[in-house]
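Visitor: Have a peek at model-v3.pdb (PDB, C-alpha atoms).
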ATOM      1  CA  MET A1273       0.000   0.000   0.000  1.00  0.00           C
ATOM      2  CA  VAL A1274       1.320   3.440  -0.936  1.00  0.00           C
ATOM      3  CA  LYS A1275       0.792   6.209   1.586  1.00  0.00           C
ATOM      4  CA  ILE A1276       0.673   9.783   0.329  1.00  0.00           C
ATOM      5  CA  TRP A1277       1.148  12.644   2.752  1.00  0.00           C
ATOM      6  CA  ILE A1278      -0.881  15.736   2.080  1.00  0.00           C
ATOM      7  CA  TYR A1279       0.295  18.859   3.828  1.00  0.00           C
ATOM      8  CA  ALA A1280      -1.856  21.885   4.566  1.00  0.00           C
ATOM      9  CA  GLU A1281       1.273  24.073   4.494  1.00  0.00           C
ATOM     10  CA  VAL A1282       4.788  23.468   3.121  1.00  0.00           C
ATOM     11  CA  SER A1283       7.945  25.548   3.099  1.00  0.00           C
ATOM     12  CA  VAL A1284      11.595  24.883   2.320  1.00  0.00           C
ATOM     13  CA  ASP A1285      14.326  27.129   3.716  1.00  0.00           C
ATOM     14  CA  VAL A1286      17.667  27.197   1.894  1.00  0.00           C
ATOM     15  CA  GLU A1287      20.384  27.153   4.560  1.00  0.00           C
ATOM     16  CA  GLU A1288      23.445  26.839   2.330  1.00  0.00           C
ATOM     17  CA  ILE A1289      24.538  26.163  -1.242  1.00  0.00           C
ATOM     18  CA  ILE A1290      28.028  24.725  -1.674  1.00  0.00           C
ATOM     19  CA  ASP A1291      29.664  25.179  -5.096  1.00  0.00           C
ATOM     20  CA  LEU A1292      31.640  22.052  -6.036  1.00  0.00           C
ATOM     21  CA  ASP A1293      32.659  23.042  -9.591  1.00  0.00           C
ATOM     22  CA  ASP A1294      30.653  20.578 -11.724  1.00  0.00           C
ATOM     23  CA  ARG A1295      28.410  19.774  -8.752  1.00  0.00           C
ATOM     24  CA  ALA A1296      26.487  21.708  -6.112  1.00  0.00           C
ATOM     25  CA  LEU A1297      25.171  20.710  -2.704  1.00  0.00           C
ATOM     26  CA  GLY A1298      22.050  22.432  -1.427  1.00  0.00           C
ATOM     27  CA  ILE A1299      21.392  22.222   2.307  1.00  0.00           C
ATOM     28  CA  THR A1300      17.733  22.956   2.996  1.00  0.00           C
ATOM     29  CA  ARG A1301      15.186  22.468   5.745  1.00  0.00           C
ATOM     30  CA  PHE A1302      11.691  21.137   4.966  1.00  0.00           C
ATOM     31  CA  HIS A1303       8.711  22.269   7.045  1.00  0.00           C
ATOM     32  CA  GLY A1304       5.294  20.692   6.614  1.00  0.00           C
ATOM     33  CA  VAL A1305       2.031  20.960   8.512  1.00  0.00           C
ATOM     34  CA  TYR A1306      -0.629  18.273   8.315  1.00  0.00           C
ATOM     35  CA  SER A1307      -4.195  19.352   8.806  1.00  0.00           C
ATOM     36  CA  ASP A1308      -4.631  17.022  11.817  1.00  0.00           C
ATOM     37  CA  ALA A1309      -1.119  16.017  12.972  1.00  0.00           C
ATOM     38  CA  PRO A1310       2.033  17.566  14.436  1.00  0.00           C
ATOM     39  CA  PRO A1311       4.218  19.577  12.043  1.00  0.00           C
ATOM     40  CA  VAL A1312       7.329  18.042  10.488  1.00  0.00           C
ATOM     41  CA  ASP A1313      10.713  19.743  10.319  1.00  0.00           C
ATOM     42  CA  TRP A1314      13.666  17.896   8.831  1.00  0.00           C
ATOM     43  CA  PRO A1315      16.857  18.462   6.855  1.00  0.00           C
ATOM     44  CA  TRP A1316      16.531  17.850   3.136  1.00  0.00           C
ATOM     45  CA  CYS A1317      19.785  18.037   1.191  1.00  0.00           C
ATOM     46  CA  HIS A1318      20.277  17.805  -2.567  1.00  0.00           C
ATOM     47  CA  LEU A1319      23.442  16.999  -4.485  1.00  0.00           C
ATOM     48  CA  PHE A1320      23.346  18.024  -8.166  1.00  0.00           C
ATOM     49  CA  TRP A1321      25.728  17.129 -11.006  1.00  0.00           C
ATOM     50  CA  PHE A1322      25.925  19.429 -14.036  1.00  0.00           C
ATOM     51  CA  ARG A1323      26.811  18.735 -17.662  1.00  0.00           C
ATOM     52  CA  ASP A1324      26.659  21.355 -20.419  1.00  0.00           C
ATOM     53  CA  GLY A1325      24.946  23.783 -18.048  1.00  0.00           C
ATOM     54  CA  LEU A1326      22.115  21.376 -17.199  1.00  0.00           C
ATOM     55  CA  ILE A1327      21.442  19.103 -14.234  1.00  0.00           C
ATOM     56  CA  SER A1328      22.537  15.624 -15.312  1.00  0.00           C
ATOM     57  CA  ARG A1329      21.940  13.847 -12.007  1.00  0.00           C
ATOM     58  CA  ALA A1330      20.415  14.609  -8.608  1.00  0.00           C
ATOM     59  CA  GLN A1331      20.443  12.808  -5.287  1.00  0.00           C
ATOM     60  CA  SER A1332      18.529  13.757  -2.134  1.00  0.00           C
ATOM     61  CA  PHE A1333      19.352  13.053   1.511  1.00  0.00           C
ATOM     62  CA  PHE A1334      17.476  13.429   4.783  1.00  0.00           C
ATOM     63  CA  ASP A1335      20.761  13.531   6.691  1.00  0.00           C
ATOM     64  CA  ARG A1336      23.251  16.409   6.359  1.00  0.00           C
ATOM     65  CA  ALA A1337      26.266  14.234   7.242  1.00  0.00           C
ATOM     66  CA  ASP A1338      25.316  11.693   4.546  1.00  0.00           C
ATOM     67  CA  ALA A1339      24.966  14.496   1.985  1.00  0.00           C
ATOM     68  CA  LEU A1340      28.339  15.990   2.894  1.00  0.00           C
ATOM     69  CA  GLU A1341      29.987  12.556   2.687  1.00  0.00           C
ATOM     70  CA  ALA A1342      28.454  11.896  -0.747  1.00  0.00           C
ATOM     71  CA  ALA A1343      29.854  15.258  -1.876  1.00  0.00           C
ATOM     72  CA  GLY A1344      33.318  14.349  -0.560  1.00  0.00           C
ATOM     73  CA  LEU A1345      33.093  16.828   2.310  1.00  0.00           C
ATOM     74  CA  SER A1346      32.941  16.571   6.086  1.00  0.00           C
ATOM     75  CA  GLU A1347      31.280  18.577   8.841  1.00  0.00           C
TER      76      GLU A1347
END
Rewrite the coordinates I just gave you, this time as structure tokens.
Guide:
Amino acid sequence: MVKIWIYAEVSVDVEEIIDLDDRALGITRFHGVYSDAPPVDWPWCHLFWFRDGLISRAQSFFDRADALEAAGLSE
């Protein structure tokens, strides 16, 4: 069974963008409010690869340390 979450309100705050030449790591924070449940607030990081000025690959992480490691960085 697939469960779909429907939020009454959603926002994403960009905390940091790290330029990695042909890649970029975006560190964001996701905020969501259900109509009848407690709000959610979690890190949501995105690693992008670029080719010819376009995104050629993207990977998302719910853990900042995992995202930094995938980008070859550390805390």
Visitor: For this file, the PyMOL selection byres ((chain A and resi 1304) around 8) selects which residues, as a VMD selection string?
Guide: chain A and resid 1279 to 1283 1302 to 1303 1305 to 1306 1311 to 1313
Visitor: Just the selected residues (C-alpha atoms), exported as a PDB file, in the frame of the given file, please.
Guide:
ATOM      1  CA  TYR A1279       0.295  18.859   3.828  1.00  0.00           C
ATOM      2  CA  ALA A1280      -1.856  21.885   4.566  1.00  0.00           C
ATOM      3  CA  GLU A1281       1.273  24.073   4.494  1.00  0.00           C
ATOM      4  CA  VAL A1282       4.788  23.468   3.121  1.00  0.00           C
ATOM      5  CA  SER A1283       7.945  25.548   3.099  1.00  0.00           C
ATOM      6  CA  PHE A1302      11.691  21.137   4.966  1.00  0.00           C
ATOM      7  CA  HIS A1303       8.711  22.269   7.045  1.00  0.00           C
ATOM      8  CA  VAL A1305       2.031  20.960   8.512  1.00  0.00           C
ATOM      9  CA  TYR A1306      -0.629  18.273   8.315  1.00  0.00           C
ATOM     10  CA  PRO A1311       4.218  19.577  12.043  1.00  0.00           C
ATOM     11  CA  VAL A1312       7.329  18.042  10.488  1.00  0.00           C
ATOM     12  CA  ASP A1313      10.713  19.743  10.319  1.00  0.00           C
TER      13      ASP A1313
END
Visitor: Name the closest residue to A:Asp1338 among the candidates A:Arg1295, A:Leu1326, A:Pro1310, A:Trp1316; distances are taken between atoms, counting only C-alpha atoms.
Guide: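 With only C-alpha atoms as the atom set, the closest residue is A:Trp1316.
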Visitor: Give me, as a PyMOL selection string, all polymer residues having an atom no more than 10 Å from A:Pro1315, counting all atoms listed in the file and skipping those fewer than 3 positions away in the same chain.
Guide: chain A and resi 1284-1285+1287+1299-1303+1333-1336
Visitor: For the file shown, what are the residues hit by the PyMOL selection byres ((chain A and resi 1342) around 12), laid out as a tab-separated table (two decimals) with C-alpha atoms, keeping the file's coordinate frame?
Guide:
chain	number	residue	atom	x	y	z
A	1292	LEU	CA	31.64	22.05	-6.04
A	1295	ARG	CA	28.41	19.77	-8.75
A	1296	ALA	CA	26.49	21.71	-6.11
A	1297	LEU	CA	25.17	20.71	-2.70
A	1317	CYS	CA	19.78	18.04	1.19
A	1318	HIS	CA	20.28	17.80	-2.57
A	1319	LEU	CA	23.44	17.00	-4.49
A	1320	PHE	CA	23.35	18.02	-8.17
A	1321	TRP	CA	25.73	17.13	-11.01
A	1330	ALA	CA	20.42	14.61	-8.61
A	1331	GLN	CA	20.44	12.81	-5.29
A	1332	SER	CA	18.53	13.76	-2.13
A	1333	PHE	CA	19.35	13.05	1.51
A	1335	ASP	CA	20.76	13.53	6.69
A	1336	ARG	CA	23.25	16.41	6.36
A	1337	ALA	CA	26.27	14.23	7.24
A	1338	ASP	CA	25.32	11.69	4.55
A	1339	ALA	CA	24.97	14.50	1.98
A	1340	LEU	CA	28.34	15.99	2.89
A	1341	GLU	CA	29.99	12.56	2.69
A	1343	ALA	CA	29.85	15.26	-1.88
A	1344	GLY	CA	33.32	14.35	-0.56
A	1345	LEU	CA	33.09	16.83	2.31
A	1346	SER	CA	32.94	16.57	6.09
Visitor: I'd like the interatomic distance between atom CA of A:Trp1314 and atom CA of A:Arg1329, to a tenth of an Å.
Guide: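 If I compute the distance from atom CA of A:Trp1314 to atom CA of A:Arg1329, I get 22.8 Å.
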Visitor: Kindly give the distance, in Å, that separates atom CA of A:Ser1328 and atom CA of A:Val1274, rounded to a single decimal.
Guide: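 Between atom CA of A:Ser1328 and atom CA of A:Val1274 the gap works out to 28.4 Å.
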Visitor: Mind pulling up the distance from atom CA of A:Ile1290 to atom CA of A:Gly1325?
Guide: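 For atom CA of A:Gly1325 relative to atom CA of A:Ile1290, the distance reads 16.7 Å.
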Visitor: As JSON, please: the centre and edge lengths in Å, to one decimal, of an axis-aligned box enclosing every listed atom of stretch 1320-1327 of chain A with 4 Å added on each side.
Guide:
{"center_x": 24.1, "center_y": 20.5, "center_z": -14.3, "size_x": 13.4, "size_y": 14.7, "size_z": 20.3}
Visitor: Using only C-alpha atoms, can you tell me which of A:Glu1347, A:Ala1309, A:Ile1278, A:Asp1294 comes closest to A:Ile1327?
Guide: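 The shortest atom-to-atom distance to A:Ile1327 comes from A:Asp1294.
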Visitor: Return stretch 1308-1326 of chain A, completed with N, CA and C atoms, as a compact mmCIF listing (two decimals), in the coordinates of the input.
Guide:
# COMPACT_ATOMS: atom_id res chain seq x y z
N ASP A 1308 -4.22 17.58 10.52
CA ASP A 1308 -4.63 17.02 11.82
C ASP A 1308 -3.50 16.25 12.51
N ALA A 1309 -2.26 16.70 12.35
CA ALA A 1309 -1.12 16.02 12.97
C ALA A 1309 -0.03 17.05 13.30
N PRO A 1310 0.94 16.64 14.11
CA PRO A 1310 2.03 17.57 14.44
C PRO A 1310 2.83 17.95 13.19
N PRO A 1311 3.42 19.14 13.19
CA PRO A 1311 4.22 19.58 12.04
C PRO A 1311 5.50 18.76 11.92
N VAL A 1312 6.04 18.70 10.72
CA VAL A 1312 7.33 18.04 10.49
C VAL A 1312 8.37 19.11 10.16
N ASP A 1313 9.60 18.82 10.53
CA ASP A 1313 10.71 19.74 10.32
C ASP A 1313 11.96 18.88 10.21
N TRP A 1314 12.50 18.74 8.99
CA TRP A 1314 13.67 17.90 8.83
C TRP A 1314 14.62 18.46 7.80
N PRO A 1315 15.91 18.06 7.88
CA PRO A 1315 16.86 18.46 6.86
C PRO A 1315 16.53 17.76 5.55
N TRP A 1316 16.77 18.43 4.45
CA TRP A 1316 16.53 17.85 3.14
C TRP A 1316 17.61 18.42 2.23
N CYS A 1317 18.60 17.60 1.93
CA CYS A 1317 19.78 18.04 1.19
C CYS A 1317 19.76 17.45 -0.22
N HIS A 1318 20.31 18.21 -1.16
CA HIS A 1318 20.28 17.80 -2.57
C HIS A 1318 21.65 18.01 -3.20
N LEU A 1319 22.17 16.94 -3.77
CA LEU A 1319 23.44 17.00 -4.49
C LEU A 1319 23.13 16.92 -5.98
N PHE A 1320 23.60 17.94 -6.73
CA PHE A 1320 23.35 18.02 -8.17
C PHE A 1320 24.65 17.92 -8.94
N TRP A 1321 24.62 17.20 -10.05
CA TRP A 1321 25.73 17.13 -11.01
C TRP A 1321 25.29 17.89 -12.25
N PHE A 1322 26.24 18.62 -12.85
CA PHE A 1322 25.92 19.43 -14.04
C PHE A 1322 26.76 18.97 -15.23
N ARG A 1323 26.12 19.00 -16.40
CA ARG A 1323 26.81 18.74 -17.66
C ARG A 1323 26.22 19.67 -18.71
N ASP A 1324 27.09 20.40 -19.38
CA ASP A 1324 26.66 21.36 -20.42
C ASP A 1324 25.63 22.36 -19.88
N GLY A 1325 25.82 22.78 -18.64
CA GLY A 1325 24.95 23.78 -18.05
C GLY A 1325 23.60 23.28 -17.57
N LEU A 1326 23.38 21.96 -17.63
CA LEU A 1326 22.12 21.38 -17.20
C LEU A 1326 22.35 20.37 -16.08
